[in-house]
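Colleague: Structure incoming, see below.
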Amino acid sequence: MTAKPPTRPRRRRPLGELGLPLLLVLTGASLLRATVRSDVHLRYVKEGLWPYLVASGVLLVLLGLTGLAAEVTRRMRRPVLRRDASGHAYWHHPGDDHAGAHHGHGDGDGHGPGDGHGHGHGGATRVAWLLAVPALTLLFVAPPALGSYTAQREGAAARVERTAYEELADAPTTPMALEEFIGRSLYDSMSLRGRKVRLLGFVTAGTSPDTWFLNRLKVGCCAGDARTLRVQVRGVKAPADDTWVEVTGVWRPGESTADDPVPTLEAGVVETVPEPRNPYQDAPPAAG
Amino acid sequence: MDEGATRTATAPPDPAPPLTGPPDGRTRQGPGRRAGAGVLGSVAVGAAVVAVPAVPWIERLSGLAALGAWRTLLVAIVVQGVPFLLLGTVVSAAIGAFVPARAFSRVLPRNPVLAVPVAGAAGVVLPGCECASVPVAGSLMRRGVAPAAALTFLLAAPAVNPVVLVSTAIAFPGSPEMVAARFAASLVTSVVMGWLWIRWGREEWLRLPTGRAGHAPGASRFAAFRHGLQHDFLHAGGFLVVGAMAAATFNVLVPPSVLDVFADSPWLGVLVAALLAVLLSVCSEADAFVAASFTGFSPTARLAFMVVGPMVDMKLIALQSGAFGRAFAVRFSAATFVVAVLCCVVVGGVLL
């Protein structure tokens with residue numbers, strides 16, 4: 001018997017060709033887990049990305065499943081003994097006719113003598129497995145939205161641009177977004193004088209138990225670009241850090257400047273509320 | 001290490017007698033030195049993957065709030081990047097599998113010096129952030145587009161597309177000159193980089209993956225497309241995670257107040273803002289909002305943040321090393337950084 005065992009190339013991957021399609025499925029599944037009937041993605045990215053995330057998740061899962069199917073059917077075919085031009089027998093895998101042609105490139109497990117041309121790309125498939133870190137994190141241990149740690153950092157308070165401020169309607173209390181409150185306190189403070197407002201945000205501790213901060217983080221695209229909006233609250237004992245609260249109170253004229261815009265609210269009532277659906281959207285609290 | 005497992009995994013279901021012989025020499029004589037490094041790399045990546053469920057536990061145990069923020073940022077940057085990366089790899093795999101090789105040479109001027117500005121202007125059509133442009137540029141090169149033109153496209157696409165310009169206009173209400181300055185400085189930088197590449201670039205710095213294009217006569221186009229997509233996406237995705245880890249680490253470690261120190265000096269301000277763009281790696285669709293919040297910085301410094309960010313940042317350097325090799329990524333990013341800062345100073349001086 002002159003047949004050598006099939007000279008399958010040295011494989012570095014425990015799962016062989018199944019690993020990468022599985023990784024695609026895993027990545028896609030983690031995106032779907034965070035988006036379909038779930039608001040988990042809102043902890044990380046802006047709401048407008050939702051359709052793209054779902055589409056990406058579906059596409060990745062389909063792509064991975066197709067890859068798995070292709071690989072499984074390839075393995076189902078048994079190798080056949082063939083003879084090359086010089087009469088030596090070798091094992092031929094029917095599925096390799098085209099699959100092998102791809103694997104030769106880039107993946108770092110070249111067929112044929114030596115795997116030299118896989119050089120430098122052998123690392124490519126290893127690096128790919130790093131995708132499993134965010135994917136598994138998202139699937140099983142999804143971290144919470146950014147909160148007090150980010151808001152509390154020194155010099156974090158972001159500047160608020162001046163916009164057109166509408167005349168406020170007469171009401172006993174006016175629900176207001178944090179950004180609008182800060183903007184009015186800087187550029188249109190007359191509209192706040194003597195007016196009772198209600199603000200929504202999460203708590204971070206201040207210098208004393210009854211001087212603390214109400215915060216919102218505003219996101220343009222993903223949590224990586226979060227800007228902090230802060231209001232100093234006085235006169236009420238601070239709830240625990242990261243608690244979401246609605247605070248009703250009156251603006252207190254102070255030394256807040258455009259460069260360090262942290263106005264002060266003289267608080268009357270503090271109510272604990274559940275975390276809003278989209279924590280990074282600076283919406284005013286519901287009227288009532 | 002995984003020899004045994006793979007052997008059984010890849011062996012046919014019903015092995016013929018010769019198959020059960022001892023492993024052939026090839027598997028042993030393989031590059032042993034590299035295999036050592038390979039095992040180390042595999043172990044490192046494996047450890048990172050396995051550590052995932054342990055992290056929240058460590059977090060609670062040590063009260064490290066920073067670790068929680070780090071994880072949130074990592075996931076956020078990756079989740080935000082994946083759709084764009086996928087778009088880019090779909091486009092690039094489609095180019096590889098379905099577009100005939102001659103198509104581009106017909107559209108682009110034959111002379112690379114002229115092709116560069118055309119490629120820069122073509123950047124307007126790819127609406128997305130920078131993750132999408134790296135795989136597309138790679139497949140353009142494999143399709144025979146002059147590297148200079150492909151690189152210009154790579155730099156221009158994430159910076160001058162309509163989505164980015166509109167978000168800039170929203171972030172800087174009442175100052176349309178900022179949008180104009182961003183457009184001009186980005187376009188000029190990418191075209192200048194293309195021309196610099198023609199003059200001084202060397203092909204050997206570029207390590208292009210040998211083309212999946214045009215191989216395998218027996219392969220169906222769909223199989224080629226699927227395989228190209230799988231390889232490109234996973235490959236680039238891994239590097240996206242590397243870049244996201246770096247950016248999240250910087251974001252957590254450096255307090256925002258450090259920046260105020262540099263904001264006052266105009267020259268240093270421009271440099272620091274540009275460096276910050278590299279380190280923070282904010283998506284090009286959102287960086288205008290971040291730039292707008294850099295209150296202490298001069299308009300030119302903010303412009304530098306928005307021009308450098310989509311062209312050079314941690315995740316792009318990682319993605320480019322993956323696609324073209326580290327030798328290229330380091331040189332190209334350094335040169336782009338310098339050219340972009342100079343362009344910003346000039347354009348900022350004229351327009352802002």
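Residues in the structure tokens are named by chain (A, B, ... in the order shown) and by number from 1 within that chain; ligands are numbered from 1 in the order shown.
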Can you list, as an MDAnalysis selection string, every protein, DNA or RNA residue that comes within 9 Å of range 61-78 of chain B when you count only C-alpha atoms, leaving out same-chain residues fewer than 5 positions away?

Modeller: (chainID A and resid 41 43:45 131 133:135 137:138 142:150 222:224) or (chainID B and resid 55:56 237 240:241 244:249 251:253 281:283)

Colleague: Take the residues from that selection and write them out as a CSV table (one decimal), in the first residue's frame, keeping C-alpha atoms.

Modeller:
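Everything below was put into result04.csv:
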```csv
chain,number,residue,atom,x,y,z
A,41,HIS,CA,-28.4,47.9,23.6
A,43,ARG,CA,-26.9,51.0,27.6
A,44,TYR,CA,-24.2,51.2,24.9
A,45,VAL,CA,-25.4,52.9,21.8
A,131,LEU,CA,-14.7,39.0,19.3
A,133,VAL,CA,-15.1,38.7,24.7
A,134,PRO,CA,-17.7,41.3,23.9
A,135,ALA,CA,-20.1,38.7,22.5
A,137,THR,CA,-20.1,39.7,27.9
A,138,LEU,CA,-23.2,40.8,26.1
A,142,ALA,CA,-24.0,42.5,30.1
A,143,PRO,CA,-22.6,45.5,32.1
A,144,PRO,CA,-24.9,48.3,33.2
A,145,ALA,CA,-25.1,51.7,31.5
A,146,LEU,CA,-22.4,54.2,32.4
A,147,GLY,CA,-23.2,55.9,35.7
A,148,SER,CA,-21.7,57.6,38.7
A,149,TYR,CA,-18.1,56.6,38.0
A,150,THR,CA,-18.1,58.5,34.7
A,222,CYS,CA,-22.1,55.2,21.6
A,223,ALA,CA,-21.2,55.3,25.3
A,224,GLY,CA,-17.6,56.2,24.3
B,55,VAL,CA,-14.9,39.9,35.6
B,56,PRO,CA,-18.2,41.0,37.2
B,237,GLY,CA,-13.6,42.3,14.1
B,240,LEU,CA,-11.8,46.2,16.3
B,241,VAL,CA,-11.9,44.6,19.8
B,244,ALA,CA,-11.8,49.2,21.5
B,245,MET,CA,-9.9,47.8,24.5
B,246,ALA,CA,-7.2,50.4,24.0
B,247,ALA,CA,-9.7,53.3,23.7
B,248,ALA,CA,-11.7,52.1,26.7
B,249,THR,CA,-8.6,51.9,28.8
B,251,ASN,CA,-11.0,56.7,28.5
B,252,VAL,CA,-11.1,55.2,32.0
B,253,LEU,CA,-7.6,56.0,33.0
B,281,SER,CA,-11.3,56.6,19.0
B,282,VAL,CA,-14.8,58.2,18.8
B,283,CYS,CA,-16.8,57.1,15.8
```

Colleague: Among range 107-277 of chain A, which residues does DSSP mark as alpha helix (DSSP H) when it is run on the backbone? Keep the chain and numbering as in the structure and answer as number ranges by chain.

Modeller: A: 122-128, 132-140, 148-151, 178-187

Colleague: Would you export the selected residues with C-alpha atoms as a PDB file, in the first residue's frame, please?

Modeller:
```pdb
ATOM      1  CA  GLY A 122      -1.982  32.600  11.420  1.00  0.00           C
ATOM      2  CA  GLY A 123      -2.543  35.276  14.046  1.00  0.00           C
ATOM      3  CA  ALA A 124      -5.552  36.531  12.183  1.00  0.00           C
ATOM      4  CA  THR A 125      -7.827  33.749  13.254  1.00  0.00           C
ATOM      5  CA  ARG A 126      -6.548  33.931  16.801  1.00  0.00           C
ATOM      6  CA  VAL A 127      -7.243  37.649  16.960  1.00  0.00           C
ATOM      7  CA  ALA A 128     -10.733  36.929  15.647  1.00  0.00           C
ATOM      8  CA  ALA A 132     -15.898  36.350  21.753  1.00  0.00           C
ATOM      9  CA  VAL A 133     -15.061  38.677  24.663  1.00  0.00           C
ATOM     10  CA  PRO A 134     -17.692  41.348  23.931  1.00  0.00           C
ATOM     11  CA  ALA A 135     -20.066  38.704  22.538  1.00  0.00           C
ATOM     12  CA  LEU A 136     -19.994  36.535  25.675  1.00  0.00           C
ATOM     13  CA  THR A 137     -20.094  39.651  27.858  1.00  0.00           C
ATOM     14  CA  LEU A 138     -23.208  40.822  26.069  1.00  0.00           C
ATOM     15  CA  LEU A 139     -24.847  37.395  26.209  1.00  0.00           C
ATOM     16  CA  PHE A 140     -24.224  36.516  29.833  1.00  0.00           C
ATOM     17  CA  SER A 148     -21.709  57.580  38.715  1.00  0.00           C
ATOM     18  CA  TYR A 149     -18.115  56.576  37.972  1.00  0.00           C
ATOM     19  CA  THR A 150     -18.125  58.462  34.687  1.00  0.00           C
ATOM     20  CA  ALA A 151     -20.190  61.401  35.901  1.00  0.00           C
ATOM     21  CA  LEU A 178     -31.382  68.579  32.453  1.00  0.00           C
ATOM     22  CA  GLU A 179     -29.729  70.155  29.447  1.00  0.00           C
ATOM     23  CA  GLU A 180     -32.498  72.699  29.106  1.00  0.00           C
ATOM     24  CA  PHE A 181     -32.314  73.550  32.778  1.00  0.00           C
ATOM     25  CA  ILE A 182     -28.554  74.081  32.591  1.00  0.00           C
ATOM     26  CA  GLY A 183     -28.895  76.075  29.372  1.00  0.00           C
ATOM     27  CA  ARG A 184     -31.567  78.339  30.808  1.00  0.00           C
ATOM     28  CA  SER A 185     -29.583  78.892  33.986  1.00  0.00           C
ATOM     29  CA  LEU A 186     -26.681  80.153  31.860  1.00  0.00           C
ATOM     30  CA  TYR A 187     -28.349  82.024  29.035  1.00  0.00           C
TER      31      TYR A 187
END
```

Colleague: Return the single residue from A:Trp251, A:Asp259, A:Val58, A:Thr73 that is closest to Ser189 in chain A, with distances computed using only C-alpha atoms.

Modeller: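 Once distances to Ser189 in chain A are computed over only C-alpha atoms, the minimum belongs to A:Trp251.
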
Colleague: If you count only C-alpha atoms, which residues fall within 9 Å of range 82-89 of chain B, apart from same-chain ones fewer than 4 positions away, as number ranges by chain?

Modeller: A: 49, 52-53, 55-57, 59-60; B: 77-78, 93-94, 128-136, 228-230, 232-233, 236-237, 240

Colleague: Using only C-alpha atoms, find the one residue out of A:Arg195, A:Lys237, A:Arg230, A:Arg75 that sits nearest to chain B.

Modeller: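 With only C-alpha atoms as the atom set, the closest residue is A:Arg75.
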
Colleague: Return the single residue from A:Gly254, A:Pro175, A:Gly67, A:Pro285 that is closest to chain B, with distances computed using only C-alpha atoms.

Modeller: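 Going through A:Gly254, A:Pro175, A:Gly67, A:Pro285 one by one, the smallest distance to chain B is for A:Gly67.
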
Colleague: Any idea what the distance is between CA of Val254 in chain B and CA of Glu47 in chain A?

Modeller: 27.6 Å

Colleague: Assign secondary structure with DSSP using the backbone only, and return the residues of range 57-257 of chain A in strand (DSSP E or B) as number ranges by chain.

Modeller: A: 80-83, 89-92, 157, 174-175, 196-208, 211-218, 222, 227-234, 244-252

Colleague: Just the residues within 9 Å of Leu275 in chain B, please, counting only C-alpha atoms, with nothing from its chain fewer than 2 positions along; format it as a PyMOL selection string.

Modeller: chain B and resi 270-273+277-280+305+308-309+313+337

Colleague: Include all heavy atoms and write out the residues we just selected as an mmCIF file, in the first residue's frame.

Modeller:
```cif
data_model
loop_
_atom_site.group_PDB
_atom_site.id
_atom_site.type_symbol
_atom_site.label_atom_id
_atom_site.label_comp_id
_atom_site.auth_asym_id
_atom_site.auth_seq_id
_atom_site.Cartn_x
_atom_site.Cartn_y
_atom_site.Cartn_z
ATOM 1 N N VAL B 270 -3.879 72.405 19.646
ATOM 2 C CA VAL B 270 -4.144 71.681 18.402
ATOM 3 C C VAL B 270 -3.552 70.279 18.482
ATOM 4 O O VAL B 270 -4.208 69.283 18.164
ATOM 5 C CB VAL B 270 -3.561 72.446 17.193
ATOM 6 C CG1 VAL B 270 -3.651 71.611 15.935
ATOM 7 C CG2 VAL B 270 -4.272 73.768 17.016
ATOM 8 N N LEU B 271 -2.308 70.213 18.952
ATOM 9 C CA LEU B 271 -1.643 68.915 19.047
ATOM 10 C C LEU B 271 -2.354 67.986 20.014
ATOM 11 O O LEU B 271 -2.568 66.798 19.738
ATOM 12 C CB LEU B 271 -0.202 69.109 19.524
ATOM 13 C CG LEU B 271 0.859 69.129 18.444
ATOM 14 C CD1 LEU B 271 2.231 69.190 19.073
ATOM 15 C CD2 LEU B 271 0.736 67.901 17.556
ATOM 16 N N VAL B 272 -2.720 68.548 21.177
ATOM 17 C CA VAL B 272 -3.364 67.714 22.191
ATOM 18 C C VAL B 272 -4.721 67.227 21.701
ATOM 19 O O VAL B 272 -5.072 66.051 21.871
ATOM 20 C CB VAL B 272 -3.496 68.494 23.519
ATOM 21 C CG1 VAL B 272 -4.408 67.755 24.477
ATOM 22 C CG2 VAL B 272 -2.135 68.696 24.134
ATOM 23 N N ALA B 273 -5.470 68.115 21.039
ATOM 24 C CA ALA B 273 -6.780 67.697 20.523
ATOM 25 C C ALA B 273 -6.604 66.585 19.497
ATOM 26 O O ALA B 273 -7.371 65.616 19.476
ATOM 27 C CB ALA B 273 -7.501 68.888 19.900
ATOM 28 N N ALA B 277 -7.897 62.698 19.748
ATOM 29 C CA ALA B 277 -8.720 62.023 18.740
ATOM 30 C C ALA B 277 -8.190 60.621 18.508
ATOM 31 O O ALA B 277 -8.953 59.667 18.363
ATOM 32 C CB ALA B 277 -8.711 62.824 17.440
ATOM 33 N N VAL B 278 -6.856 60.484 18.493
ATOM 34 C CA VAL B 278 -6.258 59.171 18.287
ATOM 35 C C VAL B 278 -6.607 58.248 19.456
ATOM 36 O O VAL B 278 -7.001 57.096 19.270
ATOM 37 C CB VAL B 278 -4.729 59.292 18.145
ATOM 38 C CG1 VAL B 278 -4.109 57.913 18.014
ATOM 39 C CG2 VAL B 278 -4.368 60.167 16.959
ATOM 40 N N LEU B 279 -6.488 58.768 20.665
ATOM 41 C CA LEU B 279 -6.640 57.912 21.840
ATOM 42 C C LEU B 279 -8.096 57.582 22.141
ATOM 43 O O LEU B 279 -8.408 56.474 22.561
ATOM 44 C CB LEU B 279 -6.002 58.586 23.050
ATOM 45 C CG LEU B 279 -4.492 58.736 22.934
ATOM 46 C CD1 LEU B 279 -3.942 59.600 24.048
ATOM 47 C CD2 LEU B 279 -3.815 57.371 22.941
ATOM 48 N N LEU B 280 -8.992 58.548 21.935
ATOM 49 C CA LEU B 280 -10.385 58.301 22.319
ATOM 50 C C LEU B 280 -11.105 57.427 21.304
ATOM 51 O O LEU B 280 -12.051 56.723 21.652
ATOM 52 C CB LEU B 280 -11.134 59.621 22.461
ATOM 53 C CG LEU B 280 -10.866 60.391 23.742
ATOM 54 C CD1 LEU B 280 -11.598 61.726 23.711
ATOM 55 C CD2 LEU B 280 -11.317 59.598 24.949
ATOM 56 N N PHE B 305 -9.357 67.769 15.984
ATOM 57 C CA PHE B 305 -9.952 66.574 16.586
ATOM 58 C C PHE B 305 -10.838 65.857 15.573
ATOM 59 O O PHE B 305 -10.805 64.629 15.463
ATOM 60 C CB PHE B 305 -10.771 66.990 17.813
ATOM 61 C CG PHE B 305 -11.392 65.831 18.539
ATOM 62 C CD1 PHE B 305 -10.673 65.130 19.495
ATOM 63 C CD2 PHE B 305 -12.697 65.440 18.273
ATOM 64 C CE1 PHE B 305 -11.235 64.061 20.167
ATOM 65 C CE2 PHE B 305 -13.267 64.368 18.934
ATOM 66 C CZ PHE B 305 -12.532 63.683 19.889
ATOM 67 N N VAL B 308 -8.506 64.502 12.376
ATOM 68 C CA VAL B 308 -7.597 63.397 12.690
ATOM 69 C C VAL B 308 -8.388 62.139 13.066
ATOM 70 O O VAL B 308 -8.072 61.042 12.616
ATOM 71 C CB VAL B 308 -6.625 63.797 13.814
ATOM 72 C CG1 VAL B 308 -5.836 62.589 14.295
ATOM 73 C CG2 VAL B 308 -5.675 64.880 13.330
ATOM 74 N N GLY B 309 -9.431 62.313 13.877
ATOM 75 C CA GLY B 309 -10.163 61.166 14.407
ATOM 76 C C GLY B 309 -10.572 60.114 13.385
ATOM 77 O O GLY B 309 -10.263 58.938 13.554
ATOM 78 N N ASP B 313 -6.876 56.586 14.488
ATOM 79 C CA ASP B 313 -7.195 56.369 15.895
ATOM 80 C C ASP B 313 -6.862 54.932 16.281
ATOM 81 O O ASP B 313 -6.457 54.137 15.430
ATOM 82 C CB ASP B 313 -8.638 56.777 16.238
ATOM 83 C CG ASP B 313 -9.675 55.869 15.603
ATOM 84 O OD1 ASP B 313 -9.368 54.705 15.362
ATOM 85 O OD2 ASP B 313 -10.802 56.334 15.375
ATOM 86 N N PHE B 337 -1.154 61.571 10.499
ATOM 87 C CA PHE B 337 -1.327 62.446 11.650
ATOM 88 C C PHE B 337 -0.674 63.811 11.388
ATOM 89 O O PHE B 337 -1.302 64.856 11.557
ATOM 90 C CB PHE B 337 -0.703 61.779 12.889
ATOM 91 C CG PHE B 337 -0.881 62.565 14.150
ATOM 92 C CD1 PHE B 337 -2.027 62.410 14.905
ATOM 93 C CD2 PHE B 337 0.093 63.444 14.574
ATOM 94 C CE1 PHE B 337 -2.200 63.122 16.073
ATOM 95 C CE2 PHE B 337 -0.077 64.164 15.747
ATOM 96 C CZ PHE B 337 -1.222 64.004 16.493
#
```

Colleague: In Å, with one decimal, what is the gap from CA of Val339 in chain B to CA of Phe294 in chain B?

Modeller: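 It comes out at 22.3 Å.
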
Colleague: Which neighbours of range 194-209 of chain B fall inside 7 Å, counting only C-alpha atoms, when residues of the same chain fewer than 3 positions from it are skipped, and could you give them as a VMD selection string?

Modeller: (chain A and resid 106) or (chain B and resid 113 116 148 to 149 151 to 152 190 to 191 323 to 325 327 to 328)

Colleague: Write out the residues from the selection above, keeping N, CA and C atoms, as a compact mmCIF listing (two decimals), in the first residue's frame.

Modeller:
```txt
# COMPACT_ATOMS: atom_id res chain seq x y z
N GLY A 106 -4.78 33.32 3.48
CA GLY A 106 -5.14 34.17 4.61
C GLY A 106 -5.39 33.45 5.91
N VAL B 113 -1.84 59.85 -10.28
CA VAL B 113 -1.86 61.22 -9.76
C VAL B 113 -3.25 61.83 -9.92
N VAL B 116 -6.09 59.83 -7.62
CA VAL B 116 -6.17 60.13 -6.19
C VAL B 116 -7.30 61.11 -5.86
N ALA B 148 -2.37 54.13 -3.99
CA ALA B 148 -2.52 55.53 -3.60
C ALA B 148 -3.99 55.94 -3.62
N ALA B 149 -4.70 55.55 -4.67
CA ALA B 149 -6.11 55.92 -4.79
C ALA B 149 -6.94 55.23 -3.71
N LEU B 151 -5.94 54.23 -0.82
CA LEU B 151 -5.64 54.81 0.50
C LEU B 151 -6.32 56.15 0.67
N THR B 152 -6.38 56.93 -0.41
CA THR B 152 -7.09 58.21 -0.34
C THR B 152 -8.56 57.97 -0.03
N SER B 190 -6.53 63.78 2.74
CA SER B 190 -6.52 62.46 2.12
C SER B 190 -5.88 62.50 0.73
N VAL B 191 -6.11 63.59 -0.01
CA VAL B 191 -5.50 63.68 -1.34
C VAL B 191 -3.98 63.84 -1.21
N ALA B 323 -5.29 44.51 8.33
CA ALA B 323 -5.55 44.40 6.91
C ALA B 323 -4.28 44.53 6.07
N PHE B 324 -3.36 45.39 6.50
CA PHE B 324 -2.20 45.69 5.64
C PHE B 324 -0.86 45.40 6.30
N GLY B 325 -0.86 45.00 7.54
CA GLY B 325 0.41 44.73 8.21
C GLY B 325 0.83 45.90 9.10
N ALA B 327 3.85 47.13 9.70
CA ALA B 327 4.84 48.05 9.13
C ALA B 327 4.13 49.19 8.41
N PHE B 328 3.08 48.84 7.69
CA PHE B 328 2.33 49.86 6.98
C PHE B 328 1.57 50.75 7.96
```

Colleague: How many Å separate CA of Arg153 in chain A from CA of Asn215 in chain A?

Modeller: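 Atom-to-atom, CA of Arg153 in chain A to CA of Asn215 in chain A, that is 11.8 Å.
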